[in-house]
Amino acid sequence: LISLDEALTALQVHAKELAKHRKSKQILHNLSGGGDSDTVSAIVDKLNGAKTGASFLPRLNLADFEKDDESNGHVTFVTAASNLRALCYGIAPADPMETRRVAGRIVPAMITTTGLVSALSCLELVKLLKGVPLNVHRNAFVNLALPFFAFTAPLPAEEVLGVNGNTHTIWDNIVIKGSSKTPAESLTLKNFIEKAKKKAGCEDGVEISSISFGPYMIYANFLHSFDEELLETPIL
């Protein structure tokens with residue numbers, strides 16, 4: 001990049017160089033059909049003169065655009081330039097974050113990645129429905145920018161020792177259903193805890209420490225074990 005003063009000086013020198021080789025009257029005369037057949041040659045010479053006249057300009061270096069580097073000033077320059085143009089046409093200016101989003105082409109990148117991940121997920125779902133062994137499934141590590149694709153066989157889920165000598169993984173679950181005596185819509189928190197302990201086979205000597213729904217904690221034994229009002233509240 002060059003400064004404004006350097007650009008003006010360069011233009012002045014360039015104009016002087018062109019003035020030395022200018023044959024405006026002769027070229028206009030030839031273009032009007034009133035001269036010899038050297039019109040094309042004169043135009044080519046003039047263009048070549050402009051090309052050689054630019055040789056005095058400082059050599060420019062290529063720079064790769066990097067939107068995530070604050071020190072290079074790329075996003076700052078693009079934001080300033082685009083906002084100047086936007087103001088000329090009555091378009092609302094954009095902030096640097098919006099510039100990063102547009103310049104980084106985030107939406108096409110998301111669509112491309114989403115398409116690939118969705119396809120790979122569907123392949124694994126088909127394998128799951130067919131009941132193939134675990135070593136046939138694949139974990140995928142993908143970087144579309146490089147591009148890089150790597151696939152590995154998944155490991156079995158880690159087993160932990162539970163109550164009554166049973167082992168469990170993070171994928172294990174129990175299903176609590178209502179009954180004719182206690183329909184699901186009238187199932188209280190106390191009923192739910194009792195059914196969960198019975199379903200897990202740990203009615204005696206085992207406490208349910210907490211019950212959560214998403215980010216919300218509904219029950220904690222150190223806070224609510226004697227809260228009868230909460231325990232008698234329907235969970236649905």
# chains A, B, ... in the order shown; residues from 1 in each chain; ligands from 1
>>> residues_around(residues="Leu120 of chain A", least_positions_apart="2", cutoff="12 Å", atoms="only C-alpha atoms", output="NGL selection string")
:A and (113-118 or 122-127 or 137-142 or 149 or 151)
>>> select_by_dssp(residues="segment 49-182 of chain A", states="alpha helix (DSSP H)", output="PyMOL selection string")
chain A and resi 49-53+74-88+96-103+106-130
>>> atom_distance(atom1="atom CA of Lys190 of chain A", atom2="atom CA of Leu231 of chain A")
4.8 Å
>>> closest_residue(among="A:Ser121, A:Thr76, A:Asn83, A:Thr233", to="Glu185 of chain A", atoms="only C-alpha atoms")
A:Thr233
>>> closest_residue(among="A:Gly104, A:Pro147, A:Pro156, A:Pro96", to="Glu66 of chain A", atoms="only C-alpha atoms")
A:Gly104
>>> atom_distance(atom1="atom CA of Ser212 of chain A", atom2="atom CA of Lys177 of chain A")
17.6 Å
>>> residues_around(residues="segment 161-176 of chain A", least_positions_apart="4", cutoff="10 Å", atoms="only C-alpha atoms", output="ChimeraX atom specification")
/A:156-157,184,192-193,195-196,199-202,206
>>> write_last_selection(atoms="all heavy atoms", output="JSON list (two decimals), in the first residue's frame")
[["chain", "number", "residue", "atom", "x", "y", "z"],
["A", 156, "PRO", "N", -16.13, -49.08, 22.65],
["A", 156, "PRO", "CA", -17.34, -49.35, 23.45],
["A", 156, "PRO", "C", -17.46, -48.34, 24.59],
["A", 156, "PRO", "O", -16.46, -47.80, 25.09],
["A", 156, "PRO", "CB", -17.12, -50.77, 23.98],
["A", 156, "PRO", "CG", -16.06, -51.36, 23.10],
["A", 156, "PRO", "CD", -15.20, -50.22, 22.65],
["A", 157, "ALA", "N", -18.69, -48.07, 25.00],
["A", 157, "ALA", "CA", -18.92, -47.16, 26.13],
["A", 157, "ALA", "C", -18.32, -47.74, 27.40],
["A", 157, "ALA", "O", -18.40, -48.95, 27.64],
["A", 157, "ALA", "CB", -20.42, -46.91, 26.30],
["A", 184, "ALA", "N", -50.01, -41.47, 34.94],
["A", 184, "ALA", "CA", -48.81, -40.64, 34.73],
["A", 184, "ALA", "C", -49.08, -39.18, 35.07],
["A", 184, "ALA", "O", -48.22, -38.49, 35.64],
["A", 184, "ALA", "CB", -48.33, -40.78, 33.30],
["A", 192, "PHE", "N", -42.61, -41.00, 41.88],
["A", 192, "PHE", "CA", -41.59, -41.15, 40.84],
["A", 192, "PHE", "C", -40.29, -41.71, 41.43],
["A", 192, "PHE", "O", -39.67, -42.61, 40.85],
["A", 192, "PHE", "CB", -41.34, -39.81, 40.15],
["A", 192, "PHE", "CG", -40.27, -39.85, 39.11],
["A", 192, "PHE", "CD1", -40.57, -40.32, 37.83],
["A", 192, "PHE", "CD2", -38.98, -39.43, 39.39],
["A", 192, "PHE", "CE1", -39.57, -40.37, 36.87],
["A", 192, "PHE", "CE2", -37.98, -39.48, 38.42],
["A", 192, "PHE", "CZ", -38.28, -39.94, 37.15],
["A", 193, "ILE", "N", -39.86, -41.18, 42.56],
["A", 193, "ILE", "CA", -38.64, -41.65, 43.20],
["A", 193, "ILE", "C", -38.78, -43.11, 43.62],
["A", 193, "ILE", "O", -37.86, -43.92, 43.41],
["A", 193, "ILE", "CB", -38.30, -40.75, 44.40],
["A", 193, "ILE", "CG1", -37.93, -39.34, 43.92],
["A", 193, "ILE", "CG2", -37.16, -41.34, 45.23],
["A", 193, "ILE", "CD1", -37.72, -38.33, 45.04],
["A", 195, "LYS", "N", -40.79, -45.42, 42.33],
["A", 195, "LYS", "CA", -40.82, -46.27, 41.14],
["A", 195, "LYS", "C", -39.43, -46.38, 40.51],
["A", 195, "LYS", "O", -39.04, -47.45, 40.02],
["A", 195, "LYS", "CB", -41.81, -45.70, 40.12],
["A", 195, "LYS", "CG", -43.27, -45.94, 40.46],
["A", 195, "LYS", "CD", -44.17, -45.34, 39.40],
["A", 195, "LYS", "CE", -45.63, -45.71, 39.64],
["A", 195, "LYS", "NZ", -45.89, -47.15, 39.42],
["A", 196, "ALA", "N", -38.67, -45.29, 40.52],
["A", 196, "ALA", "CA", -37.32, -45.33, 39.94],
["A", 196, "ALA", "C", -36.42, -46.26, 40.73],
["A", 196, "ALA", "O", -35.65, -47.05, 40.15],
["A", 196, "ALA", "CB", -36.74, -43.92, 39.88],
["A", 199, "LYS", "N", -37.55, -49.83, 40.00],
["A", 199, "LYS", "CA", -37.17, -50.23, 38.64],
["A", 199, "LYS", "C", -35.69, -50.55, 38.55],
["A", 199, "LYS", "O", -35.28, -51.47, 37.84],
["A", 199, "LYS", "CB", -37.52, -49.10, 37.67],
["A", 199, "LYS", "CG", -37.44, -49.47, 36.21],
["A", 199, "LYS", "CD", -38.69, -50.14, 35.74],
["A", 199, "LYS", "CE", -38.69, -50.34, 34.25],
["A", 199, "LYS", "NZ", -39.94, -50.96, 33.75],
["A", 200, "ALA", "N", -34.87, -49.80, 39.28],
["A", 200, "ALA", "CA", -33.43, -50.03, 39.26],
["A", 200, "ALA", "C", -33.00, -51.15, 40.19],
["A", 200, "ALA", "O", -31.82, -51.52, 40.21],
["A", 200, "ALA", "CB", -32.70, -48.73, 39.62],
["A", 201, "GLY", "N", -33.95, -51.70, 40.98],
["A", 201, "GLY", "CA", -33.63, -52.78, 41.89],
["A", 201, "GLY", "C", -32.79, -52.35, 43.07],
["A", 201, "GLY", "O", -31.91, -53.10, 43.51],
["A", 202, "CYS", "N", -33.02, -51.17, 43.58],
["A", 202, "CYS", "CA", -32.21, -50.66, 44.69],
["A", 202, "CYS", "C", -33.12, -49.93, 45.70],
["A", 202, "CYS", "O", -32.86, -48.77, 46.02],
["A", 202, "CYS", "CB", -31.12, -49.74, 44.18],
["A", 202, "CYS", "SG", -31.73, -48.37, 43.15],
["A", 206, "VAL", "N", -30.32, -47.22, 49.29],
["A", 206, "VAL", "CA", -29.84, -46.39, 48.18],
["A", 206, "VAL", "C", -30.71, -45.14, 48.09],
["A", 206, "VAL", "O", -31.93, -45.22, 48.19],
["A", 206, "VAL", "CB", -29.88, -47.17, 46.84],
["A", 206, "VAL", "CG1", -29.48, -46.25, 45.68],
["A", 206, "VAL", "CG2", -28.98, -48.38, 46.90]]
>>> select_by_dssp(residues="segment 29-229 of chain A", states="strand (DSSP E)", output="JSON, numbers by chain")
{"A": [139, 140, 141, 142, 143, 148, 149, 150, 151, 152, 160, 161, 167, 168, 210, 211, 212, 213, 216, 217, 218, 219, 220]}
>>> closest_residue(among="A:Ala153, A:Ala80, A:Val160, A:Val75", to="Met97 of chain A", atoms="only C-alpha atoms")
A:Val75
>>> atom_distance(atom1="atom CA of Ala7 of chain A", atom2="atom CA of Ile43 of chain A")
25.7 Å
